[in-house]
>>> print(open('my_file_11.tsv').read())   # TSV, N, CA and C atoms
chain	number	residue	atom	x	y	z
A	1	MET	N	1.22	-4.09	18.58
A	1	MET	CA	2.59	-4.34	18.88
A	1	MET	C	3.49	-3.35	18.12
A	2	ALA	N	3.13	-3.08	16.87
A	2	ALA	CA	3.93	-2.15	16.07
A	2	ALA	C	3.85	-0.75	16.66
A	3	LYS	N	2.67	-0.34	17.12
A	3	LYS	CA	2.53	0.98	17.75
A	3	LYS	C	3.40	1.08	19.00
A	4	ALA	N	3.41	0.03	19.79
A	4	ALA	CA	4.22	0.02	21.00
A	4	ALA	C	5.71	0.09	20.68
A	5	LEU	N	6.12	-0.65	19.67
A	5	LEU	CA	7.53	-0.62	19.26
A	5	LEU	C	7.93	0.77	18.77
A	6	ALA	N	7.07	1.38	17.97
A	6	ALA	CA	7.35	2.74	17.47
A	6	ALA	C	7.41	3.73	18.63
A	7	ALA	N	6.50	3.61	19.57
A	7	ALA	CA	6.49	4.51	20.72
A	7	ALA	C	7.73	4.30	21.59
A	8	THR	N	8.11	3.06	21.80
A	8	THR	CA	9.29	2.74	22.61
A	8	THR	C	10.55	3.34	22.01
A	9	HIS	N	10.66	3.31	20.71
A	9	HIS	CA	11.86	3.82	20.02
A	9	HIS	C	11.69	5.26	19.53
A	10	ALA	N	10.56	5.86	19.89
A	10	ALA	CA	10.27	7.24	19.50
A	10	ALA	C	10.50	7.45	18.01
A	11	THR	N	9.87	6.60	17.23
A	11	THR	CA	10.02	6.67	15.78
A	11	THR	C	8.65	6.55	15.12
A	12	GLU	N	8.64	6.77	13.84
A	12	GLU	CA	7.41	6.76	13.06
A	12	GLU	C	6.97	5.33	12.75
A	13	LEU	N	5.66	5.13	12.70
A	13	LEU	CA	5.08	3.87	12.28
A	13	LEU	C	4.55	4.05	10.86
A	14	ILE	N	5.01	3.22	9.94
A	14	ILE	CA	4.54	3.25	8.55
A	14	ILE	C	3.91	1.91	8.26
A	15	ARG	N	2.68	1.94	7.72
A	15	ARG	CA	1.93	0.71	7.47
A	15	ARG	C	1.83	0.44	5.97
A	16	LEU	N	2.18	-0.77	5.58
A	16	LEU	CA	2.02	-1.24	4.21
A	16	LEU	C	0.91	-2.27	4.22
A	17	GLN	N	-0.23	-1.94	3.62
A	17	GLN	CA	-1.36	-2.86	3.53
A	17	GLN	C	-1.20	-3.71	2.28
A	18	CYS	N	-1.05	-5.00	2.45
A	18	CYS	CA	-0.88	-5.90	1.32
A	18	CYS	C	-2.24	-6.36	0.80
A	19	TYR	N	-2.28	-6.64	-0.49
A	19	TYR	CA	-3.48	-7.15	-1.14
A	19	TYR	C	-3.06	-7.91	-2.39
A	20	GLU	N	-3.98	-8.71	-2.90
A	20	GLU	CA	-3.68	-9.48	-4.11
A	20	GLU	C	-3.45	-8.52	-5.27
A	21	GLY	N	-2.36	-8.73	-5.99
A	21	GLY	CA	-2.03	-7.87	-7.12
A	21	GLY	C	-1.10	-6.72	-6.77
A	22	LEU	N	-0.77	-6.57	-5.49
A	22	LEU	CA	0.18	-5.53	-5.09
A	22	LEU	C	1.53	-5.83	-5.73
A	23	ASP	N	2.11	-4.82	-6.37
A	23	ASP	CA	3.41	-5.03	-6.99
A	23	ASP	C	4.43	-4.06	-6.39
A	24	GLN	N	5.68	-4.23	-6.81
A	24	GLN	CA	6.77	-3.43	-6.26
A	24	GLN	C	6.54	-1.94	-6.43
A	25	SER	N	6.18	-1.54	-7.62
A	25	SER	CA	6.05	-0.11	-7.86
A	25	SER	C	4.92	0.50	-7.06
A	26	SER	N	3.83	-0.22	-6.86
A	26	SER	CA	2.73	0.31	-6.06
A	26	SER	C	3.11	0.46	-4.59
A	27	ALA	N	4.00	-0.37	-4.13
A	27	ALA	CA	4.43	-0.29	-2.73
A	27	ALA	C	5.55	0.74	-2.54
A	28	LEU	N	6.29	1.05	-3.61
A	28	LEU	CA	7.39	2.01	-3.53
A	28	LEU	C	6.96	3.43	-3.86
A	29	TYR	N	6.43	3.63	-5.05
A	29	TYR	CA	6.08	4.99	-5.48
A	29	TYR	C	5.10	4.94	-6.64
A	30	GLU	N	4.50	6.07	-6.90
A	30	GLU	CA	3.69	6.27	-8.10
A	30	GLU	C	3.96	7.68	-8.58
A	31	TRP	N	3.67	7.91	-9.83
A	31	TRP	CA	3.78	9.26	-10.38
A	31	TRP	C	2.44	9.95	-10.23
A	32	ASN	N	2.47	11.24	-9.96
A	32	ASN	CA	1.26	12.05	-9.84
A	32	ASN	C	0.81	12.40	-11.26
A	33	TYR	N	0.06	11.48	-11.87
A	33	TYR	CA	-0.30	11.61	-13.29
A	33	TYR	C	-1.12	12.85	-13.58
A	34	GLN	N	-2.06	13.19	-12.69
A	34	GLN	CA	-2.88	14.37	-12.92
A	34	GLN	C	-2.01	15.63	-12.97
A	35	ARG	N	-1.10	15.73	-12.05
A	35	ARG	CA	-0.21	16.90	-12.01
A	35	ARG	C	0.71	16.92	-13.23
A	36	GLN	N	1.17	15.75	-13.65
A	36	GLN	CA	2.01	15.67	-14.84
A	36	GLN	C	1.24	16.13	-16.09
A	37	LEU	N	0.00	15.69	-16.22
A	37	LEU	CA	-0.82	16.10	-17.38
A	37	LEU	C	-1.06	17.60	-17.38
A	38	LEU	N	-1.32	18.17	-16.22
A	38	LEU	CA	-1.50	19.62	-16.14
A	38	LEU	C	-0.24	20.35	-16.57
A	39	ALA	N	0.92	19.85	-16.13
A	39	ALA	CA	2.19	20.48	-16.50
A	39	ALA	C	2.43	20.38	-18.01
A	40	ILE	N	2.09	19.25	-18.59
A	40	ILE	CA	2.25	19.09	-20.04
A	40	ILE	C	1.37	20.09	-20.78
A	41	GLN	N	0.13	20.21	-20.32
A	41	GLN	CA	-0.78	21.16	-20.96
A	41	GLN	C	-0.28	22.60	-20.81
A	42	ALA	N	0.25	22.92	-19.65
A	42	ALA	CA	0.72	24.28	-19.39
A	42	ALA	C	1.94	24.63	-20.23
A	43	HIS	N	2.74	23.62	-20.59
A	43	HIS	CA	3.97	23.87	-21.34
A	43	HIS	C	3.87	23.40	-22.79
A	44	ARG	N	2.66	23.29	-23.27
A	44	ARG	CA	2.42	22.82	-24.65
A	44	ARG	C	3.16	23.71	-25.63
A	45	GLY	N	3.85	23.08	-26.57
A	45	GLY	CA	4.61	23.82	-27.56
A	45	GLY	C	6.05	24.08	-27.13
A	46	GLY	N	6.38	23.74	-25.88
A	46	GLY	CA	7.74	23.94	-25.39
A	46	GLY	C	8.65	22.79	-25.80
A	47	ASP	N	9.88	22.84	-25.34
A	47	ASP	CA	10.88	21.81	-25.61
A	47	ASP	C	10.44	20.50	-24.93
A	48	ALA	N	10.22	19.47	-25.73
A	48	ALA	CA	9.72	18.19	-25.22
A	48	ALA	C	10.66	17.57	-24.19
A	49	ASP	N	11.96	17.64	-24.43
A	49	ASP	CA	12.93	17.07	-23.48
A	49	ASP	C	12.89	17.80	-22.15
A	50	ALA	N	12.78	19.11	-22.18
A	50	ALA	CA	12.72	19.89	-20.95
A	50	ALA	C	11.45	19.58	-20.16
A	51	ILE	N	10.35	19.41	-20.88
A	51	ILE	CA	9.08	19.08	-20.22
A	51	ILE	C	9.18	17.69	-19.59
A	52	GLU	N	9.76	16.74	-20.32
A	52	GLU	CA	9.91	15.39	-19.78
A	52	GLU	C	10.79	15.40	-18.53
A	53	ASP	N	11.90	16.13	-18.58
A	53	ASP	CA	12.77	16.22	-17.41
A	53	ASP	C	12.02	16.79	-16.22
A	54	GLN	N	11.17	17.75	-16.47
A	54	GLN	CA	10.42	18.38	-15.39
A	54	GLN	C	9.38	17.44	-14.80
A	55	ILE	N	8.57	16.81	-15.66
A	55	ILE	CA	7.45	16.02	-15.14
A	55	ILE	C	7.88	14.69	-14.51
A	56	PHE	N	9.12	14.28	-14.77
A	56	PHE	CA	9.63	13.09	-14.10
A	56	PHE	C	10.68	13.47	-13.07
A	57	SER	N	10.39	14.54	-12.35
A	57	SER	CA	11.27	15.00	-11.29
A	57	SER	C	10.65	14.63	-9.93
A	58	GLU	N	11.39	14.84	-8.90
A	58	GLU	CA	10.97	14.55	-7.53
A	58	GLU	C	9.64	15.22	-7.19
A	59	LYS	N	9.42	16.37	-7.76
A	59	LYS	CA	8.22	17.17	-7.51
A	59	LYS	C	6.94	16.39	-7.85
A	60	TYR	N	7.01	15.46	-8.78
A	60	TYR	CA	5.84	14.72	-9.25
A	60	TYR	C	5.79	13.28	-8.74
A	61	LEU	N	6.67	12.94	-7.82
A	61	LEU	CA	6.75	11.58	-7.27
A	61	LEU	C	5.91	11.47	-6.01
A	62	LEU	N	5.08	10.45	-5.93
A	62	LEU	CA	4.28	10.18	-4.74
A	62	LEU	C	4.89	8.99	-4.01
A	63	GLU	N	5.38	9.22	-2.82
A	63	GLU	CA	5.95	8.14	-2.02
A	63	GLU	C	4.85	7.20	-1.55
A	64	ARG	N	5.13	5.93	-1.62
A	64	ARG	CA	4.28	4.91	-1.03
A	64	ARG	C	5.03	4.35	0.17
A	65	PRO	N	4.42	3.45	0.95
A	65	PRO	CA	5.01	3.05	2.23
A	65	PRO	C	6.46	2.58	2.20
A	66	LEU	N	6.85	1.74	1.25
A	66	LEU	CA	8.23	1.23	1.25
A	66	LEU	C	9.25	2.33	0.99
A	67	LEU	N	9.00	3.17	0.02
A	67	LEU	CA	9.93	4.26	-0.27
A	67	LEU	C	9.98	5.24	0.90
A	68	ALA	N	8.83	5.50	1.50
A	68	ALA	CA	8.80	6.38	2.67
A	68	ALA	C	9.67	5.82	3.79
A	69	ALA	N	9.56	4.52	4.04
A	69	ALA	CA	10.35	3.89	5.10
A	69	ALA	C	11.84	3.93	4.77
A	70	ILE	N	12.18	3.71	3.51
A	70	ILE	CA	13.58	3.68	3.09
A	70	ILE	C	14.21	5.06	3.20
A	71	ARG	N	13.44	6.09	2.91
A	71	ARG	CA	13.99	7.45	2.87
A	71	ARG	C	14.07	8.14	4.22
A	72	ARG	N	13.47	7.61	5.23
A	72	ARG	CA	13.48	8.28	6.53
A	72	ARG	C	14.89	8.31	7.11
A	73	ASP	N	15.26	9.45	7.67
A	73	ASP	CA	16.56	9.56	8.33
A	73	ASP	C	16.61	8.69	9.57
A	74	LYS	N	15.54	8.75	10.35
A	74	LYS	CA	15.45	7.90	11.54
A	74	LYS	C	14.67	6.65	11.15
A	75	PRO	N	15.24	5.47	11.36
A	75	PRO	CA	14.57	4.23	10.94
A	75	PRO	C	13.17	4.12	11.55
A	76	PRO	N	12.17	3.86	10.71
A	76	PRO	CA	10.81	3.72	11.20
A	76	PRO	C	10.48	2.27	11.54
A	77	VAL	N	9.33	2.07	12.13
A	77	VAL	CA	8.75	0.74	12.26
A	77	VAL	C	7.88	0.56	11.03
A	78	LEU	N	8.13	-0.48	10.26
A	78	LEU	CA	7.34	-0.76	9.06
A	78	LEU	C	6.44	-1.94	9.35
A	79	LEU	N	5.15	-1.67	9.41
A	79	LEU	CA	4.15	-2.72	9.63
A	79	LEU	C	3.69	-3.23	8.28
A	80	ILE	N	3.98	-4.47	7.99
A	80	ILE	CA	3.56	-5.09	6.74
A	80	ILE	C	2.34	-5.93	7.08
A	81	ASP	N	1.18	-5.39	6.73
A	81	ASP	CA	-0.09	-5.97	7.15
A	81	ASP	C	-0.64	-6.92	6.08
A	82	GLU	N	-1.06	-8.09	6.50
A	82	GLU	CA	-1.70	-9.11	5.66
A	82	GLU	C	-0.81	-9.54	4.49
A	83	ILE	N	0.43	-9.87	4.81
A	83	ILE	CA	1.40	-10.31	3.79
A	83	ILE	C	0.91	-11.56	3.06
A	84	ASP	N	0.07	-12.35	3.71
A	84	ASP	CA	-0.44	-13.57	3.09
A	84	ASP	C	-1.34	-13.29	1.88
A	85	ARG	N	-1.83	-12.06	1.76
A	85	ARG	CA	-2.66	-11.70	0.60
A	85	ARG	C	-1.83	-11.29	-0.61
A	86	ALA	N	-0.57	-10.99	-0.41
A	86	ALA	CA	0.29	-10.55	-1.51
A	86	ALA	C	0.73	-11.74	-2.36
A	87	ASP	N	1.07	-11.45	-3.60
A	87	ASP	CA	1.58	-12.48	-4.50
A	87	ASP	C	2.96	-12.93	-4.06
A	88	ASP	N	3.36	-14.13	-4.51
A	88	ASP	CA	4.66	-14.69	-4.14
A	88	ASP	C	5.82	-13.79	-4.57
A	89	GLU	N	5.71	-13.19	-5.77
A	89	GLU	CA	6.79	-12.32	-6.26
A	89	GLU	C	7.00	-11.12	-5.35
A	90	PHE	N	5.88	-10.54	-4.89
A	90	PHE	CA	6.00	-9.38	-4.02
A	90	PHE	C	6.57	-9.79	-2.66
A	91	GLU	N	6.12	-10.90	-2.16
A	91	GLU	CA	6.62	-11.39	-0.87
A	91	GLU	C	8.13	-11.66	-0.95
A	92	ALA	N	8.61	-12.15	-2.08
A	92	ALA	CA	10.04	-12.40	-2.26
A	92	ALA	C	10.81	-11.09	-2.41
A	93	PHE	N	10.17	-10.06	-2.92
A	93	PHE	CA	10.80	-8.76	-3.12
A	93	PHE	C	11.06	-8.04	-1.79
A	94	LEU	N	10.22	-8.23	-0.79
A	94	LEU	CA	10.34	-7.49	0.47
A	94	LEU	C	11.68	-7.64	1.18
A	95	PRO	N	12.22	-8.83	1.37
A	95	PRO	CA	13.52	-8.92	2.06
A	95	PRO	C	14.65	-8.20	1.32
A	96	ARG	N	14.63	-8.26	-0.02
A	96	ARG	CA	15.66	-7.54	-0.79
A	96	ARG	C	15.54	-6.05	-0.56
A	97	THR	N	14.33	-5.57	-0.46
A	97	THR	CA	14.10	-4.14	-0.24
A	97	THR	C	14.60	-3.72	1.12
A	98	ALA	N	14.26	-4.48	2.12
A	98	ALA	CA	14.59	-4.11	3.48
A	98	ALA	C	16.07	-4.24	3.81
A	99	PHE	N	16.72	-5.23	3.23
A	99	PHE	CA	18.08	-5.52	3.66
A	99	PHE	C	19.15	-5.27	2.62
A	100	GLY	N	18.80	-4.69	1.51
A	100	GLY	CA	19.81	-4.42	0.51
A	100	GLY	C	19.29	-3.55	-0.60
A	101	PHE	N	18.43	-2.65	-0.26
A	101	PHE	CA	17.77	-1.83	-1.28
A	101	PHE	C	18.72	-0.88	-1.96
A	102	SER	N	18.66	-0.88	-3.26
A	102	SER	CA	19.32	0.13	-4.05
A	102	SER	C	18.31	0.49	-5.12
A	103	GLY	N	17.48	1.46	-4.83
A	103	GLY	CA	16.37	1.80	-5.71
A	103	GLY	C	16.80	2.65	-6.88
A	104	PHE	N	16.34	2.26	-8.05
A	104	PHE	CA	16.69	2.99	-9.26
A	104	PHE	C	15.52	2.89	-10.22
A	105	ASP	N	14.99	4.03	-10.63
A	105	ASP	CA	13.91	4.07	-11.61
A	105	ASP	C	14.56	4.11	-12.99
A	106	SER	N	14.49	3.01	-13.72
A	106	SER	CA	15.17	2.92	-15.01
A	106	SER	C	14.60	3.87	-16.04
A	107	ARG	N	13.36	4.25	-15.88
A	107	ARG	CA	12.72	5.15	-16.86
A	107	ARG	C	13.28	6.56	-16.77
A	108	THR	N	13.49	7.03	-15.54
A	108	THR	CA	13.92	8.41	-15.36
A	108	THR	C	15.36	8.55	-14.92
A	109	GLY	N	15.96	7.45	-14.47
A	109	GLY	CA	17.31	7.53	-13.96
A	109	GLY	C	17.37	8.03	-12.53
A	110	HIS	N	16.22	8.12	-11.86
A	110	HIS	CA	16.19	8.58	-10.47
A	110	HIS	C	16.79	7.53	-9.54
A	111	ASP	N	17.65	7.97	-8.67
A	111	ASP	CA	18.15	7.12	-7.60
A	111	ASP	C	17.18	7.29	-6.46
A	112	LEU	N	16.51	6.22	-6.05
A	112	LEU	CA	15.49	6.30	-5.02
A	112	LEU	C	16.07	6.18	-3.61
A	113	GLY	N	17.37	6.00	-3.51
A	113	GLY	CA	18.00	6.04	-2.21
A	113	GLY	C	18.35	4.68	-1.65
A	114	ASP	N	19.10	4.69	-0.60
A	114	ASP	CA	19.50	3.49	0.11
A	114	ASP	C	18.70	3.40	1.40
A	115	PRO	N	18.57	2.20	1.96
A	115	PRO	CA	17.81	2.06	3.19
A	115	PRO	C	18.56	2.66	4.37
A	116	PRO	N	17.81	3.00	5.43
A	116	PRO	CA	18.49	3.39	6.65
A	116	PRO	C	19.30	2.20	7.17
A	117	SER	N	20.17	2.47	8.12
A	117	SER	CA	21.05	1.41	8.61
A	117	SER	C	20.27	0.26	9.24
A	118	ARG	N	19.09	0.55	9.70
A	118	ARG	CA	18.24	-0.52	10.23
A	118	ARG	C	16.78	-0.09	10.04
A	119	MET	N	15.91	-1.07	10.00
A	119	MET	CA	14.48	-0.80	9.87
A	119	MET	C	13.79	-1.81	10.74
A	120	TRP	N	12.86	-1.40	11.51
A	120	TRP	CA	12.12	-2.31	12.39
A	120	TRP	C	10.93	-2.89	11.65
A	121	PHE	N	10.74	-4.22	11.78
A	121	PHE	CA	9.59	-4.88	11.17
A	121	PHE	C	8.73	-5.48	12.24
>>> encode(input="my_file_11.tsv", output="structure tokens")
Amino acid sequence: MAKALAATHATELIRLQCYEGLDQSSALYEWNYQRQLLAIQAHRGGDADAIEDQIFSEKYLLERPLLAAIRRDKPPVLLIDEIDRADDEFEAFLPRTAFGFSGFDSRTGHDLGDPPSRMWF
């Protein structure tokens, strides 16, 4: 059904596979730790603040399904698969994300963006 809806609206289909223990950050984004460690090693002895600013930049951010859906210019179809396997906290987080997201990474100060004007579920 999600494939048909995406095809009908000529938009992208993004799938979020739910599982026990899935949390907000895993569904939104992760940092590319291996790449960050390589950058730290490459800049060893440099200005620590400059290195930190670099390794916590967009270049090292890995989008996960929710952030990908939020950032799309054209609203995608977001398939949330097996929601019954997710914890109650995560299930409660989803409506806030879809209908009023204001993403902010408190560690880096990154603004993760606002949702598109509509998102298909």
>>> atom_distance(input="my_file_11.tsv", atom1="atom N of A:Pro76", atom2="atom C of A:Thr8")
11.4 Å
>>> residues_around(input="my_file_11.tsv", residues="stretch 16-31 of chain A", least_positions_apart="2", cutoff="6.5 Å", atoms="all atoms listed in the file", output="count of residues only")
22
>>> atom_distance(input="my_file_11.tsv", atom1="atom C of A:Gln36", atom2="atom N of A:Ile55")
7.4 Å
>>> atom_distance(input="my_file_11.tsv", atom1="atom CA of A:Pro95", atom2="atom CA of A:Ala7")
24.0 Å
>>> residues_around(input="my_file_11.tsv", residues="A:Val77", least_positions_apart="3", cutoff="12 Å", atoms="only C-alpha atoms", output="PyMOL selection string")
chain A and resi 1-16+65-66+68-70+72+74+80+98+116+118-121
>>> select_by_dssp(input="my_file_11.tsv", residues="stretch 32-83 of chain A", states="helix (DSSP H, G or I)", output="ChimeraX atom specification")
/A:33-42,48-55,58-60,65-71,83
>>> decode(input="my_file_11.tsv", residues="stretch 41-70 of chain A", atoms="N, CA, C and O atoms", output="compact mmCIF listing (two decimals), in the first residue's frame")
# COMPACT_ATOMS: atom_id res chain seq x y z
N GLN A 41 42.47 11.47 14.49
CA GLN A 41 43.85 11.00 14.33
C GLN A 41 44.62 11.86 13.33
O GLN A 41 45.79 12.17 13.54
N ALA A 42 43.97 12.24 12.26
CA ALA A 42 44.62 13.04 11.21
C ALA A 42 44.98 14.43 11.70
O ALA A 42 45.95 15.03 11.22
N HIS A 43 44.22 14.96 12.66
CA HIS A 43 44.45 16.32 13.14
C HIS A 43 45.04 16.34 14.56
O HIS A 43 44.91 17.33 15.27
N ARG A 44 45.65 15.25 14.93
CA ARG A 44 46.24 15.12 16.28
C ARG A 44 47.24 16.25 16.51
O ARG A 44 48.04 16.58 15.65
N GLY A 45 47.13 16.88 17.67
CA GLY A 45 48.02 17.98 18.00
C GLY A 45 47.48 19.34 17.58
O GLY A 45 48.04 20.36 17.90
N GLY A 46 46.36 19.34 16.85
CA GLY A 46 45.75 20.59 16.41
C GLY A 46 44.87 21.19 17.50
O GLY A 46 44.77 20.68 18.62
N ASP A 47 44.22 22.29 17.18
CA ASP A 47 43.31 22.97 18.09
C ASP A 47 42.10 22.08 18.38
O ASP A 47 41.35 21.74 17.47
N ALA A 48 41.92 21.71 19.64
CA ALA A 48 40.86 20.79 20.03
C ALA A 48 39.48 21.32 19.68
O ALA A 48 38.61 20.57 19.23
N ASP A 49 39.24 22.61 19.89
CA ASP A 49 37.93 23.19 19.57
C ASP A 49 37.65 23.13 18.08
O ASP A 49 36.51 22.85 17.67
N ALA A 50 38.65 23.40 17.27
CA ALA A 50 38.46 23.36 15.82
C ALA A 50 38.18 21.94 15.34
O ALA A 50 37.34 21.71 14.48
N ILE A 51 38.87 20.98 15.95
CA ILE A 51 38.64 19.57 15.59
C ILE A 51 37.23 19.16 15.98
O ILE A 51 36.51 18.52 15.21
N GLU A 52 36.80 19.56 17.18
CA GLU A 52 35.45 19.22 17.64
C GLU A 52 34.40 19.84 16.71
O GLU A 52 33.43 19.18 16.34
N ASP A 53 34.59 21.11 16.34
CA ASP A 53 33.65 21.75 15.42
C ASP A 53 33.58 21.00 14.11
O ASP A 53 32.51 20.87 13.51
N GLN A 54 34.70 20.51 13.65
CA GLN A 54 34.74 19.80 12.37
C GLN A 54 34.04 18.45 12.47
O GLN A 54 33.21 18.12 11.63
N ILE A 55 34.39 17.65 13.48
CA ILE A 55 33.87 16.28 13.53
C ILE A 55 32.39 16.20 13.91
O ILE A 55 31.76 15.16 13.73
N PHE A 56 31.84 17.29 14.44
CA PHE A 56 30.41 17.32 14.71
C PHE A 56 29.70 18.23 13.72
O PHE A 56 28.78 18.98 14.05
N SER A 57 30.13 18.15 12.47
CA SER A 57 29.51 18.92 11.41
C SER A 57 28.62 18.00 10.56
O SER A 57 28.63 16.77 10.73
N GLU A 58 27.89 18.58 9.67
CA GLU A 58 26.98 17.86 8.78
C GLU A 58 27.70 16.75 8.02
O GLU A 58 27.13 15.70 7.74
N LYS A 59 28.95 16.97 7.72
CA LYS A 59 29.76 16.02 6.96
C LYS A 59 29.83 14.65 7.65
O LYS A 59 30.00 13.62 7.00
N TYR A 60 29.71 14.61 8.97
CA TYR A 60 29.85 13.38 9.74
C TYR A 60 28.52 12.83 10.25
O TYR A 60 28.50 11.90 11.04
N LEU A 61 27.43 13.40 9.80
CA LEU A 61 26.09 13.00 10.25
C LEU A 61 25.51 11.95 9.30
O LEU A 61 25.54 12.13 8.08
N LEU A 62 25.01 10.87 9.85
CA LEU A 62 24.35 9.83 9.06
C LEU A 62 22.85 9.93 9.28
O LEU A 62 22.37 9.75 10.40
N GLU A 63 22.12 10.25 8.24
CA GLU A 63 20.66 10.35 8.35
C GLU A 63 20.06 8.96 8.53
O GLU A 63 20.45 8.02 7.87
N ARG A 64 19.10 8.87 9.40
CA ARG A 64 18.29 7.67 9.55
C ARG A 64 16.90 8.02 9.02
O ARG A 64 16.63 9.16 8.64
N PRO A 65 15.98 7.05 8.96
CA PRO A 65 14.71 7.27 8.26
C PRO A 65 13.92 8.51 8.66
O PRO A 65 13.41 9.23 7.79
N LEU A 66 13.77 8.80 9.94
CA LEU A 66 12.95 9.96 10.33
C LEU A 66 13.56 11.28 9.89
O LEU A 66 12.86 12.14 9.35
N LEU A 67 14.84 11.45 10.09
CA LEU A 67 15.49 12.69 9.66
C LEU A 67 15.46 12.81 8.14
O LEU A 67 15.23 13.89 7.61
N ALA A 68 15.66 11.69 7.46
CA ALA A 68 15.59 11.72 5.99
C ALA A 68 14.21 12.18 5.53
O ALA A 68 14.09 13.03 4.64
N ALA A 69 13.16 11.67 6.16
CA ALA A 69 11.79 12.05 5.79
C ALA A 69 11.53 13.52 6.10
O ALA A 69 10.90 14.23 5.31
N ILE A 70 12.03 13.99 7.22
CA ILE A 70 11.81 15.38 7.63
C ILE A 70 12.52 16.35 6.70
O ILE A 70 12.01 17.43 6.40
